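Dropping final.cif in here (mmCIF, C-alpha atoms):
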```cif
data_my_file
loop_
_atom_site.label_atom_id
_atom_site.label_comp_id
_atom_site.auth_asym_id
_atom_site.auth_seq_id
_atom_site.Cartn_x
_atom_site.Cartn_y
_atom_site.Cartn_z
CA MET T 1 -20.10 -11.09 -9.00
CA ALA T 2 -16.60 -10.65 -10.41
CA LYS T 3 -13.62 -11.80 -8.40
CA GLN T 4 -12.41 -9.08 -6.09
CA LEU T 5 -8.76 -8.19 -6.69
CA GLY T 6 -6.05 -7.25 -4.22
CA PHE T 7 -2.35 -7.38 -3.35
CA TYR T 8 -0.05 -9.79 -1.53
CA PHE T 9 3.13 -8.38 0.02
CA ASP T 10 5.95 -10.46 1.48
CA GLN T 11 7.47 -8.15 4.05
CA SER T 12 10.20 -10.69 4.78
CA LEU T 13 11.57 -10.39 1.23
CA CYS T 14 11.42 -6.61 0.75
CA ASN T 15 14.84 -4.91 0.95
CA GLY T 16 13.57 -1.37 0.48
CA CYS T 17 15.03 -0.91 -3.02
CA LYS T 18 11.95 1.11 -4.13
CA ALA T 19 11.88 -0.46 -7.61
CA CYS T 20 8.10 -0.84 -7.23
CA GLN T 21 7.75 2.83 -6.32
CA ILE T 22 9.88 4.00 -9.24
CA ALA T 23 8.13 1.70 -11.73
CA CYS T 24 4.72 3.04 -10.68
CA LYS T 25 5.83 6.65 -10.88
CA ASP T 26 7.42 6.12 -14.29
CA LYS T 27 4.55 4.14 -15.76
CA HIS T 28 1.96 6.76 -14.79
CA ASP T 29 4.24 9.77 -15.40
CA LEU T 30 3.50 11.14 -11.94
CA PRO T 31 4.78 14.63 -11.06
CA GLU T 32 6.91 15.49 -8.07
CA GLY T 33 4.97 15.06 -4.85
CA VAL T 34 2.57 12.45 -6.24
CA THR T 35 3.56 8.88 -5.39
CA TRP T 36 0.92 6.18 -5.59
CA ARG T 37 3.16 3.42 -4.21
CA ARG T 38 5.51 4.18 -1.35
CA VAL T 39 8.10 2.16 0.56
CA VAL T 40 8.11 2.78 4.31
CA GLU T 41 11.09 2.00 6.54
CA TYR T 42 10.06 1.02 10.06
CA SER T 43 12.77 0.71 12.72
CA GLY T 44 13.21 0.53 16.45
CA GLY T 45 14.80 -1.42 19.26
CA THR T 46 15.94 -1.55 22.85
CA TRP T 47 18.96 -2.39 24.97
CA SER T 48 19.25 -5.40 27.25
CA ARG T 49 21.68 -5.65 30.18
CA SER T 50 23.59 -8.74 31.22
CA GLY T 51 25.80 -7.85 34.14
CA ASN T 52 27.91 -4.91 33.01
CA THR T 53 27.27 -5.60 29.31
CA LEU T 54 24.63 -3.83 27.23
CA SER T 55 23.44 -5.55 24.08
CA PRO T 56 21.32 -3.95 21.34
CA ASN T 57 18.06 -5.53 20.24
CA VAL T 58 17.20 -3.58 17.13
CA PHE T 59 15.01 -4.19 14.10
CA SER T 60 14.27 -2.60 10.74
CA TYR T 61 11.98 -3.67 7.91
CA TYR T 62 10.22 -2.23 4.89
CA THR T 63 6.62 -2.09 3.76
CA SER T 64 5.53 -1.36 0.19
CA ILE T 65 2.10 0.25 0.26
CA SER T 66 -0.36 1.66 -2.24
CA CYS T 67 -4.13 1.61 -2.58
CA ASN T 68 -5.46 -1.65 -1.16
CA HIS T 69 -8.76 -1.51 -3.10
CA CYS T 70 -10.59 -1.99 0.16
CA GLU T 71 -13.79 -3.92 0.77
CA ASP T 72 -15.22 -0.83 2.45
CA PRO T 73 -13.29 2.06 0.85
CA ILE T 74 -13.74 5.17 2.97
CA CYS T 75 -12.59 7.30 0.04
CA VAL T 76 -15.74 6.28 -1.84
CA THR T 77 -17.92 6.98 1.19
CA VAL T 78 -16.70 10.56 1.66
CA CYS T 79 -16.57 11.57 -2.02
CA PRO T 80 -19.31 14.20 -2.57
CA THR T 81 -19.46 13.79 -6.37
CA THR T 82 -19.23 9.98 -6.75
CA ALA T 83 -15.97 10.49 -8.66
CA MET T 84 -14.34 7.94 -6.39
CA HIS T 85 -16.00 4.62 -7.10
CA LYS T 86 -15.55 0.90 -6.78
CA ASN T 87 -15.50 -1.24 -9.92
CA GLU T 88 -16.99 -4.71 -10.35
CA ASP T 89 -13.59 -6.33 -9.81
CA GLY T 90 -13.17 -4.54 -6.48
CA THR T 91 -10.62 -1.99 -7.65
CA VAL T 92 -11.21 1.64 -6.70
CA SER T 93 -10.87 4.34 -9.38
CA VAL T 94 -11.33 8.07 -9.88
CA ASP T 95 -13.63 9.51 -12.55
CA ALA T 96 -11.63 12.58 -13.56
CA GLY T 97 -14.70 14.13 -15.16
CA LYS T 98 -16.56 14.18 -11.84
CA CYS T 99 -13.68 14.99 -9.48
CA VAL T 100 -13.57 18.57 -8.17
CA GLY T 101 -10.32 18.09 -6.26
CA CYS T 102 -11.85 18.67 -2.81
CA ARG T 103 -9.37 16.16 -1.33
CA TYR T 104 -11.86 14.64 1.13
CA CYS T 105 -10.78 11.18 -0.04
CA GLU T 106 -7.13 12.00 0.56
CA TRP T 107 -7.80 13.12 4.12
CA ALA T 108 -10.02 10.13 4.91
CA CYS T 109 -7.89 7.30 3.52
CA PRO T 110 -5.68 5.72 6.21
CA TYR T 111 -3.25 4.55 3.52
CA SER T 112 -2.89 7.98 1.82
CA ALA T 113 -3.82 6.30 -1.46
CA PRO T 114 -5.75 9.08 -3.27
CA GLN T 115 -3.41 11.94 -4.11
CA TYR T 116 -4.07 15.34 -5.64
CA ASN T 117 -2.26 15.96 -8.93
CA PRO T 118 -1.79 19.74 -9.32
CA VAL T 119 -0.91 19.34 -12.99
CA LEU T 120 -4.25 17.69 -13.75
CA GLY T 121 -6.27 19.53 -11.11
CA HIS T 122 -7.99 16.45 -9.66
CA MET T 123 -7.39 13.41 -7.48
CA THR T 124 -5.45 10.42 -8.78
CA LYS T 125 -4.63 6.96 -7.43
CA CYS T 126 -3.55 3.42 -8.16
CA ASP T 127 -6.04 1.44 -10.25
CA LEU T 128 -3.94 -1.74 -10.11
CA CYS T 129 -2.71 -0.86 -13.62
CA ALA T 130 -6.05 -1.59 -15.30
CA ASP T 131 -4.56 -1.12 -18.78
CA TYR T 132 -1.78 -3.63 -18.15
CA ARG T 133 -4.20 -6.13 -16.63
CA ALA T 134 -6.45 -5.81 -19.69
CA GLU T 135 -3.49 -6.95 -21.80
CA GLY T 136 -2.74 -9.89 -19.51
CA GLU T 137 0.26 -8.21 -17.88
CA ASP T 138 1.15 -7.66 -14.25
CA PRO T 139 0.83 -4.23 -12.64
CA ALA T 140 4.04 -2.22 -13.00
CA CYS T 141 4.96 -2.48 -9.31
CA VAL T 142 4.59 -6.26 -9.28
CA ALA T 143 6.60 -6.76 -12.45
CA ALA T 144 9.41 -4.49 -11.23
CA CYS T 145 10.05 -6.09 -7.83
CA PRO T 146 13.42 -7.89 -8.01
CA ALA T 147 12.71 -9.82 -4.81
CA ARG T 148 9.26 -10.92 -6.00
CA ALA T 149 7.79 -9.54 -2.79
CA LEU T 150 4.63 -8.29 -4.52
CA LYS T 151 1.85 -10.31 -6.12
CA TRP T 152 -1.72 -9.54 -7.15
CA GLY T 153 -4.86 -11.48 -7.92
CA PRO T 154 -8.29 -12.39 -6.55
CA ILE T 155 -8.08 -11.60 -2.85
CA ASP T 156 -9.88 -14.82 -1.85
CA GLU T 157 -7.23 -16.86 -3.65
CA LEU T 158 -4.40 -14.84 -2.14
CA ARG T 159 -5.84 -15.34 1.34
CA GLU T 160 -6.31 -19.06 0.78
CA LYS T 161 -2.67 -19.39 -0.31
CA TYR T 162 -0.92 -16.90 1.98
CA GLY T 163 -3.22 -16.36 4.97
CA THR T 164 -5.17 -13.35 6.20
CA VAL T 165 -2.62 -11.14 7.98
CA ASP T 166 -3.11 -7.44 7.16
CA ASP T 167 -2.46 -5.76 10.52
CA VAL T 168 1.29 -5.22 10.59
CA GLU T 169 3.07 -2.03 11.66
CA PRO T 170 3.25 0.60 10.29
CA LEU T 171 -0.06 -0.15 8.54
CA PRO T 172 -3.25 1.21 10.13
CA ASP T 173 -5.95 -0.87 11.78
CA PRO T 174 -7.48 -2.91 8.91
CA SER T 175 -10.95 -2.78 10.47
CA ILE T 176 -11.27 0.82 9.23
CA THR T 177 -11.60 -0.14 5.55
CA GLN T 178 -11.08 -3.94 5.29
CA PRO T 179 -8.19 -3.77 2.78
CA HIS T 180 -7.80 -6.31 0.00
CA LEU T 181 -4.29 -7.00 1.22
CA VAL T 182 -2.39 -10.00 2.55
CA VAL T 183 0.98 -9.58 4.24
CA ARG T 184 3.60 -12.14 5.12
CA PRO T 185 5.13 -10.39 8.13
CA HIS T 186 8.82 -9.76 8.64
CA ARG T 187 10.24 -11.81 11.52
CA ASP T 188 10.40 -8.65 13.65
CA ALA T 189 7.02 -7.28 12.59
CA GLN T 190 4.64 -5.97 15.22
CA VAL T 191 0.86 -5.83 15.17
CA SER T 192 -0.73 -2.58 14.00
CA GLY T 193 -1.25 -0.18 16.87
CA THR T 194 1.20 -1.95 19.20
CA GLY T 195 4.49 -1.05 17.55
CA THR T 196 7.51 0.22 19.45
CA GLY T 197 9.30 1.49 16.35
CA SER T 198 9.10 4.61 14.21
CA ILE T 199 8.80 5.45 10.53
CA MET T 200 12.29 6.52 9.54
CA ASN T 201 11.56 8.12 6.16
CA PRO T 202 8.44 10.28 6.74
CA ARG T 203 9.44 12.89 4.13
CA GLU T 204 9.50 10.21 1.44
CA ILE T 205 5.96 9.00 2.04
#
```

As structure tokens:
Amino acid sequence: MAKQLGFYFDQSLCNGCKACQIACKDKHDLPEGVTWRRVVEYSGGTWSRSGNTLSPNVFSYYTSISCNHCEDPICVTVCPTTAMHKNEDGTVSVDAGKCVGCRYCEWACPYSAPQYNPVLGHMTKCDLCADYRAEGEDPACVAACPARALKWGPIDELREKYGTVDDVEPLPDPSITQPHLVVRPHRDAQVSGTGTGSIMNPREI
């Protein structure tokens, strides 16, 4: 069995510059409204009182997210034509010739990874830049990150080196699809489903 690939994301290094998002969009010539990699701003906080003094306790951090090429990809499960499929290396791709654009995969995916391209008339998504990888290059998003917050590789090796955390707000519960993703949490990060913050840029994602 081929090594199963995935992403590592260092949330503590990401400054929300969106270079990864722009590089992905440019590399794949994606139209307006189709964004395979998105950067989410998550913020919140409270006030604490000490006598007559109120002090803010606020936080804000960013999460770069795309397809996580999950162990149990729900997009593949719900696809009625087998257009959405998992490759030997664990990456999930769309067969444009089979896709009818029903968008079931888009509605099912908790990461909003599959996206309908109205120009092409079918679903599209991140394939971890298969063409770049075939030439020995990094995926566009990884290469573009100025903070080096993104890495890719065999998920077992990434987990051995960086740990197994993948349940950080605002990401969904990882038990849904078992994502091939490792996150180094921001110092203020909260566990998925327990967050007290809010997504501050919903129209961008």

Decode the PyMOL selection byres ((chain T and resi 32-38) around 12) for the given file into explicit residues and return them as an mmCIF file with C-alpha atoms, in the frame of the given file.
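Below is the file out39.cif, written as the result:
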```cif
data_model
loop_
_atom_site.group_PDB
_atom_site.id
_atom_site.type_symbol
_atom_site.label_atom_id
_atom_site.label_comp_id
_atom_site.auth_asym_id
_atom_site.auth_seq_id
_atom_site.Cartn_x
_atom_site.Cartn_y
_atom_site.Cartn_z
ATOM 1 C CA GLY T 16 13.570 -1.370 0.480
ATOM 2 C CA CYS T 17 15.030 -0.910 -3.020
ATOM 3 C CA LYS T 18 11.950 1.110 -4.130
ATOM 4 C CA ALA T 19 11.880 -0.460 -7.610
ATOM 5 C CA CYS T 20 8.100 -0.840 -7.230
ATOM 6 C CA GLN T 21 7.750 2.830 -6.320
ATOM 7 C CA ILE T 22 9.880 4.000 -9.240
ATOM 8 C CA ALA T 23 8.130 1.700 -11.730
ATOM 9 C CA CYS T 24 4.720 3.040 -10.680
ATOM 10 C CA LYS T 25 5.830 6.650 -10.880
ATOM 11 C CA ASP T 26 7.420 6.120 -14.290
ATOM 12 C CA LYS T 27 4.550 4.140 -15.760
ATOM 13 C CA HIS T 28 1.960 6.760 -14.790
ATOM 14 C CA ASP T 29 4.240 9.770 -15.400
ATOM 15 C CA LEU T 30 3.500 11.140 -11.940
ATOM 16 C CA PRO T 31 4.780 14.630 -11.060
ATOM 17 C CA VAL T 39 8.100 2.160 0.560
ATOM 18 C CA VAL T 40 8.110 2.780 4.310
ATOM 19 C CA GLU T 41 11.090 2.000 6.540
ATOM 20 C CA TYR T 62 10.220 -2.230 4.890
ATOM 21 C CA THR T 63 6.620 -2.090 3.760
ATOM 22 C CA SER T 64 5.530 -1.360 0.190
ATOM 23 C CA ILE T 65 2.100 0.250 0.260
ATOM 24 C CA SER T 66 -0.360 1.660 -2.240
ATOM 25 C CA CYS T 67 -4.130 1.610 -2.580
ATOM 26 C CA ASN T 68 -5.460 -1.650 -1.160
ATOM 27 C CA GLU T 106 -7.130 12.000 0.560
ATOM 28 C CA TYR T 111 -3.250 4.550 3.520
ATOM 29 C CA SER T 112 -2.890 7.980 1.820
ATOM 30 C CA ALA T 113 -3.820 6.300 -1.460
ATOM 31 C CA PRO T 114 -5.750 9.080 -3.270
ATOM 32 C CA GLN T 115 -3.410 11.940 -4.110
ATOM 33 C CA TYR T 116 -4.070 15.340 -5.640
ATOM 34 C CA ASN T 117 -2.260 15.960 -8.930
ATOM 35 C CA PRO T 118 -1.790 19.740 -9.320
ATOM 36 C CA VAL T 119 -0.910 19.340 -12.990
ATOM 37 C CA LEU T 120 -4.250 17.690 -13.750
ATOM 38 C CA HIS T 122 -7.990 16.450 -9.660
ATOM 39 C CA MET T 123 -7.390 13.410 -7.480
ATOM 40 C CA THR T 124 -5.450 10.420 -8.780
ATOM 41 C CA LYS T 125 -4.630 6.960 -7.430
ATOM 42 C CA CYS T 126 -3.550 3.420 -8.160
ATOM 43 C CA ASP T 127 -6.040 1.440 -10.250
ATOM 44 C CA LEU T 128 -3.940 -1.740 -10.110
ATOM 45 C CA CYS T 129 -2.710 -0.860 -13.620
ATOM 46 C CA PRO T 139 0.830 -4.230 -12.640
ATOM 47 C CA ALA T 140 4.040 -2.220 -13.000
ATOM 48 C CA CYS T 141 4.960 -2.480 -9.310
ATOM 49 C CA VAL T 142 4.590 -6.260 -9.280
ATOM 50 C CA LEU T 150 4.630 -8.290 -4.520
ATOM 51 C CA ASN T 201 11.560 8.120 6.160
ATOM 52 C CA PRO T 202 8.440 10.280 6.740
ATOM 53 C CA ARG T 203 9.440 12.890 4.130
ATOM 54 C CA GLU T 204 9.500 10.210 1.440
ATOM 55 C CA ILE T 205 5.960 9.000 2.040
#
```

What are the centre and edge lengths in Å, to one decimal, of the axis-aligned box around all listed atoms of region 5-17 of chain T with 6 Å added on each side, as AutoDock Vina command-line options?
```
--center_x 3.1 --center_y -5.8 --center_z -1.0 --size_x 35.8 --size_y 21.8 --size_z 23.5
```

Matched chain/residue IDs from the PyMOL selection byres ((chain T and resi 84-94) around 8), as number ranges by chain: T: 1-6, 69-71, 73, 75-76, 79, 81-83, 95-96, 99, 105, 123-128

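A straight line drawn from CA of Tyr61 (chain T) to CA of Val182 (chain T) is 16.6 Å long.
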
What is the CA of Phe59 (chain T) to CA of Ile199 (chain T) distance in Å? 12.0 Å

Result set, the PyMOL selection byres ((chain T and resi 58) around 12) on current file, as a PyMOL selection string: chain T and resi 42-48+55-57+59-61+188-189+196-198

Please tell me which residues are no farther than 12 Å from (-7.8, -3.8, 9.2) in the file, counting all atoms listed in the file, and write them as a ChimeraX atom specification. /T:68,70-73,110-111,164-183,191-193
